[in-house]
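Reading through the structure tokens given below for one structure.
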Amino acid sequence: MVLSTRLLSTRHEVDDERAAQDFLHEKGWTDGLPVIAPTPERVMSCLDVAGLAPDHVIGIEPVRERPITAEKAAVNAVLAGCQPVHFPVVAAILEAMCRPEFLLHGATSSTGGCAVLVVVNGPVRLELGMEPTFNVLGNSDRASAVIGRAVRLVLRNVLDVRPGTLDRSTLGHPGKLGYCMAEDEEGTDWTPLAQLRGAPAGVSAVTVLAAGAPRQIMNEWTTAPEEILETFAAEMRANMLHYSIWGGNYAIVVPKQLRDRLQDAGWSKPHIQQFLFERARVRKRDWTGVGKGALVTATNGDEEHAALLSPADLLVIAAGGPGGGFGAVIPPWFGHKSRAVTTGVGVCFSC
Amino acid sequence: MYVLDPTAEVRPQPVSRAPRLDSLHHRRVGLLSNGKAAVAPLFDHLESLLRQEWKANEVLRLTKGNSSAPAEPNLIRELARCHLIFTGVGD
């Protein structure tokens, strides 16, 4: 098979790199931070590394039927600061986001203002130097930063998800600049997230989740797994009351200090999923205590709502620095209306 | 030097407007809600205007199952029977 190598994007002439910055910002094609000029040579290097022709369709946003071609994805990846070696991960993420169950259009246009959380598993994490420990939800490393940013720039430029136009977010959250992390597979005995979700062992994969901002928890005063996890459950219940009562894919980030307590006591990810499936529940009447009593009636107060529709709905992520009894609950954007998707990097394990 | 355009560069398909209606008399009007609470009072008012002032003889009220997803195929089929459709988004 002969791959097409012709780039179809309009070429804009600029004097130099500095003029390119001004031009790209003036056009509204950035997130406000400095960008790398997407020259034809840089874009072709990304496509070469991924083995994708420019006109290869990575995915089609199902509602507006907008295709995301490899060329347009690569242009935005370069813009975001990606090196060619990062691009296969960006392509896999976009492919996952275009699966119908992800509900890409709704997730990126909603007033709810979610971002696309990306969790990377497998050998590609090490190849790209991703750092799943210190400051993992902040700026931990170059690859996480530019890959997460590339996703946002593709949404902005290829799918027109711009604030105030298609992006109707009331608030948004800082993860919309980039929300990409790796799992600390070397720092845990637990099964990697992607493998629990169907990826073969040792295969690089990404998991995407339409997600709210991380809600940080802290419990440094117990070694009992049930007590540690009860703090996570309480934060999930709080989200159900303060934000949305609807259940779906929640993610929790468990750092090493808390993870060691759980692992030492023999708790695996499925044990944790089962515990939180049972404990993260509220009743409708609980809304009366948080100012939402208008929605509680004489007949619906006893209705029970679970944060997770099944134990497998919980994405348990081993990540975070070695010290500190912190953790995070990352809630779904809109209950089960958008589902987490896991796909291989450069390989299809569900085909 | 040259930089590549990062946008979709999709040319909009030409579309033509549906013929305007002279009257709603003996016409079926569809009101499609996205399912959020604030649509209901808006559509209540609109329905009363349509019936009393514009003499629409049938007003069909439909609600999407998921406010963030396209209308379900059965709703689209129902709406295809209407001469005029309003869609409302409420938060």
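Residue numbers start at 1 in each chain; chains themselves are named A, B, ... in the order of the structure tokens; ligands are numbered from 1 in the order shown.
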Please identify every residue of chain A that has at least one atom no more than 6 Å from any atom of chain B, counting only C-alpha atoms, and report them as a VMD selection string.
chain A and resid 9 to 14 38 to 39 72 75 to 76 106 157 to 158
May I have the residues from that selection written out with C-alpha atoms, as a PDB file, in the first residue's frame?
ATOM      1  CA  SER A   9      -3.815  22.166   4.901  1.00  0.00           C
ATOM      2  CA  THR A  10      -3.566  25.752   3.748  1.00  0.00           C
ATOM      3  CA  ARG A  11      -0.001  27.071   4.039  1.00  0.00           C
ATOM      4  CA  HIS A  12       0.367  30.509   5.582  1.00  0.00           C
ATOM      5  CA  GLU A  13       3.583  32.375   4.928  1.00  0.00           C
ATOM      6  CA  VAL A  14       5.197  34.169   7.867  1.00  0.00           C
ATOM      7  CA  PRO A  38       3.410  23.817  12.689  1.00  0.00           C
ATOM      8  CA  THR A  39       5.670  23.739   9.651  1.00  0.00           C
ATOM      9  CA  LYS A  72      -5.005  18.025  11.303  1.00  0.00           C
ATOM     10  CA  VAL A  75      -0.696  20.088  13.021  1.00  0.00           C
ATOM     11  CA  ASN A  76      -2.279  20.661  16.428  1.00  0.00           C
ATOM     12  CA  GLY A 106     -21.959  16.626  24.510  1.00  0.00           C
ATOM     13  CA  ASN A 157      -9.248  24.005  16.093  1.00  0.00           C
ATOM     14  CA  VAL A 158     -10.611  20.901  14.380  1.00  0.00           C
TER      15      VAL A 158
END
Got a sec to tell me which of chain B DSSP assigns to strand (DSSP E), as a PyMOL selection string?
chain B and resi 2-4+28-33+58-63+84-88
Might you pull out every residue within 8 Å of A:Thr170, with only C-alpha atoms counted and same-chain residues fewer than 4 positions away left off, and present them as a ChimeraX atom specification?
/A:111-113
Mind dumping the selected residues with N, CA and C atoms as a JSON list (two decimals), in the first residue's frame?
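Full text of selection-v1.json as output:
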[["chain", "number", "residue", "atom", "x", "y", "z"],
["A", 111, "THR", "N", -22.43, 22.92, 29.39],
["A", 111, "THR", "CA", -22.19, 23.93, 30.42],
["A", 111, "THR", "C", -21.42, 23.33, 31.60],
["A", 112, "GLY", "N", -21.48, 22.01, 31.75],
["A", 112, "GLY", "CA", -20.81, 21.33, 32.86],
["A", 112, "GLY", "C", -19.30, 21.54, 32.87],
["A", 113, "GLY", "N", -18.72, 21.82, 31.73],
["A", 113, "GLY", "CA", -17.32, 22.24, 31.70],
["A", 113, "GLY", "C", -16.30, 21.18, 32.06]]
Do you know which residues are at most 10 Å from B:Leu62 counting only C-alpha atoms, after dropping those on the same chain fewer than 2 positions away, and could you put them as a VMD selection string?
chain B and resid 30 to 35 59 to 60 64 to 65 71 75 to 76 78 to 79 87
Write out, as a short mmCIF file (atom, residue, chain, number, x, y, z; two decimals), in the first residue's frame, the residues just selected, with N, CA and C atoms.
data_model
loop_
_atom_site.label_atom_id
_atom_site.label_comp_id
_atom_site.auth_asym_id
_atom_site.auth_seq_id
_atom_site.Cartn_x
_atom_site.Cartn_y
_atom_site.Cartn_z
N GLY B 30 -44.31 21.05 16.40
CA GLY B 30 -43.55 20.22 17.34
C GLY B 30 -42.68 21.08 18.23
N LEU B 31 -42.68 20.76 19.51
CA LEU B 31 -41.80 21.45 20.47
C LEU B 31 -40.86 20.40 21.06
N LEU B 32 -39.60 20.52 20.79
CA LEU B 32 -38.62 19.54 21.28
C LEU B 32 -37.80 20.13 22.41
N SER B 33 -37.95 19.55 23.59
CA SER B 33 -37.21 20.01 24.77
C SER B 33 -35.94 19.18 24.93
N ASN B 34 -34.87 19.81 25.47
CA ASN B 34 -33.66 19.02 25.76
C ASN B 34 -33.79 18.29 27.10
N GLY B 35 -34.90 18.48 27.78
CA GLY B 35 -35.17 17.72 28.99
C GLY B 35 -34.84 18.45 30.28
N VAL B 59 -50.31 20.67 18.78
CA VAL B 59 -48.96 20.98 19.27
C VAL B 59 -48.41 19.72 19.94
N LEU B 60 -47.32 19.27 19.43
CA LEU B 60 -46.71 18.02 19.90
C LEU B 60 -45.55 18.37 20.84
N LYS B 64 -36.15 15.02 24.80
CA LYS B 64 -35.03 14.11 24.58
C LYS B 64 -34.71 13.35 25.87
N GLY B 65 -34.20 12.13 25.71
CA GLY B 65 -33.83 11.35 26.89
C GLY B 65 -32.50 11.80 27.48
N ALA B 71 -31.43 13.97 19.45
CA ALA B 71 -32.75 13.38 19.69
C ALA B 71 -32.78 11.95 19.17
N LEU B 75 -38.08 10.10 18.09
CA LEU B 75 -38.49 11.51 18.19
C LEU B 75 -38.34 12.21 16.85
N ILE B 76 -37.27 11.90 16.15
CA ILE B 76 -37.05 12.50 14.83
C ILE B 76 -38.18 12.11 13.88
N GLU B 78 -41.25 11.38 14.72
CA GLU B 78 -42.43 12.15 15.12
C GLU B 78 -42.33 13.59 14.61
N LEU B 79 -41.16 14.17 14.76
CA LEU B 79 -40.97 15.57 14.35
C LEU B 79 -41.08 15.73 12.83
N THR B 87 -37.10 24.05 18.94
CA THR B 87 -36.30 23.27 19.88
C THR B 87 -35.82 24.20 20.99
#
Give me, as a ChimeraX atom specification, all polymer residues having an atom no more than 10 Å from stretch 52-63 of chain A, counting only C-alpha atoms and skipping those fewer than 6 positions away in the same chain.
/A:2-9,43-44,46,69-74,88,91-106,159,346 /B:69-70
Suppose you want the space between atom CA of A:Thr133 and atom CA of A:Pro322; what is it in Å?
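Straight-line distance from atom CA of A:Thr133 to atom CA of A:Pro322 works out to 6.9 Å.
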List the neighbours of stretch 29-37 of chain A out to 8 Å using only C-alpha atoms; skip same-chain residues closer than 4 positions along the sequence, and give me the result as a PDB file with C-alpha atoms, in the first residue's frame.
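Result written to result.pdb:
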ATOM      1  CA  GLU A  17       9.251  31.922  14.224  1.00  0.00           C
ATOM      2  CA  ALA A  20       4.467  32.725  13.434  1.00  0.00           C
ATOM      3  CA  GLN A  21       3.659  33.140  17.145  1.00  0.00           C
ATOM      4  CA  LEU A  24      -1.196  31.907  15.306  1.00  0.00           C
ATOM      5  CA  HIS A  25      -2.307  33.841  18.394  1.00  0.00           C
ATOM      6  CA  VAL A  78       3.057  20.262  16.846  1.00  0.00           C
ATOM      7  CA  LEU A  79       1.304  23.462  17.880  1.00  0.00           C
ATOM      8  CA  ALA A  80       0.993  22.035  21.406  1.00  0.00           C
ATOM      9  CA  GLY A  81       4.687  21.253  21.601  1.00  0.00           C
ATOM     10  CA  LEU A 153      -6.009  22.204  20.682  1.00  0.00           C
ATOM     11  CA  ARG A 156     -10.472  23.874  19.655  1.00  0.00           C
ATOM     12  CA  ASN A 157      -9.248  24.005  16.093  1.00  0.00           C
ATOM     13  CA  LEU A 177      -5.296  23.112  29.464  1.00  0.00           C
TER      14      LEU A 177
ATOM     15  CA  VAL B   3       2.834  27.236   8.902  1.00  0.00           C
ATOM     16  CA  PRO B   6      -4.724  23.863  12.223  1.00  0.00           C
ATOM     17  CA  THR B   7      -8.463  24.268  11.676  1.00  0.00           C
TER      18      THR B   7
END
Interatomic distance, atom CA of A:Pro225 to atom CA of A:Leu262 (Å, one decimal)
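Atom CA of A:Leu262 lies at a distance of 5.3 Å from atom CA of A:Pro225.
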So that I can check the secondary structure, give me every residue of stretch 14-239 of chain A assigned helix (DSSP H, G or I) by backbone DSSP, as a count of residues only.
102
Using only C-alpha atoms, which of the listed residues (A:Val345, A:Val119, A:Ala50, A:Leu276) sits closest to A:Val85?
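Ranked by minimum distance to A:Val85, first place goes to A:Ala50.
Near stretch 39-48 of chain B, within 7 Å and counting only C-alpha atoms, sit Ser33, Lys36, Arg51, Gln52, Val59, Gly88, Val89 and Gly90 of chain B; same-chain residues fewer than 3 positions away were not included.
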Kindly save the residues from that selection, with C-alpha atoms included, as a PDB file, in the first residue's frame.
ATOM      1  CA  SER B  33     -37.209  20.006  24.774  1.00  0.00           C
ATOM      2  CA  LYS B  36     -33.928  20.359  31.393  1.00  0.00           C
ATOM      3  CA  ARG B  51     -52.893  27.604  20.233  1.00  0.00           C
ATOM      4  CA  GLN B  52     -54.632  30.856  21.176  1.00  0.00           C
ATOM      5  CA  VAL B  59     -48.964  20.984  19.273  1.00  0.00           C
ATOM      6  CA  GLY B  88     -35.547  24.556  23.347  1.00  0.00           C
ATOM      7  CA  VAL B  89     -32.499  24.371  25.572  1.00  0.00           C
ATOM      8  CA  GLY B  90     -32.976  25.158  29.240  1.00  0.00           C
TER       9      GLY B  90
END
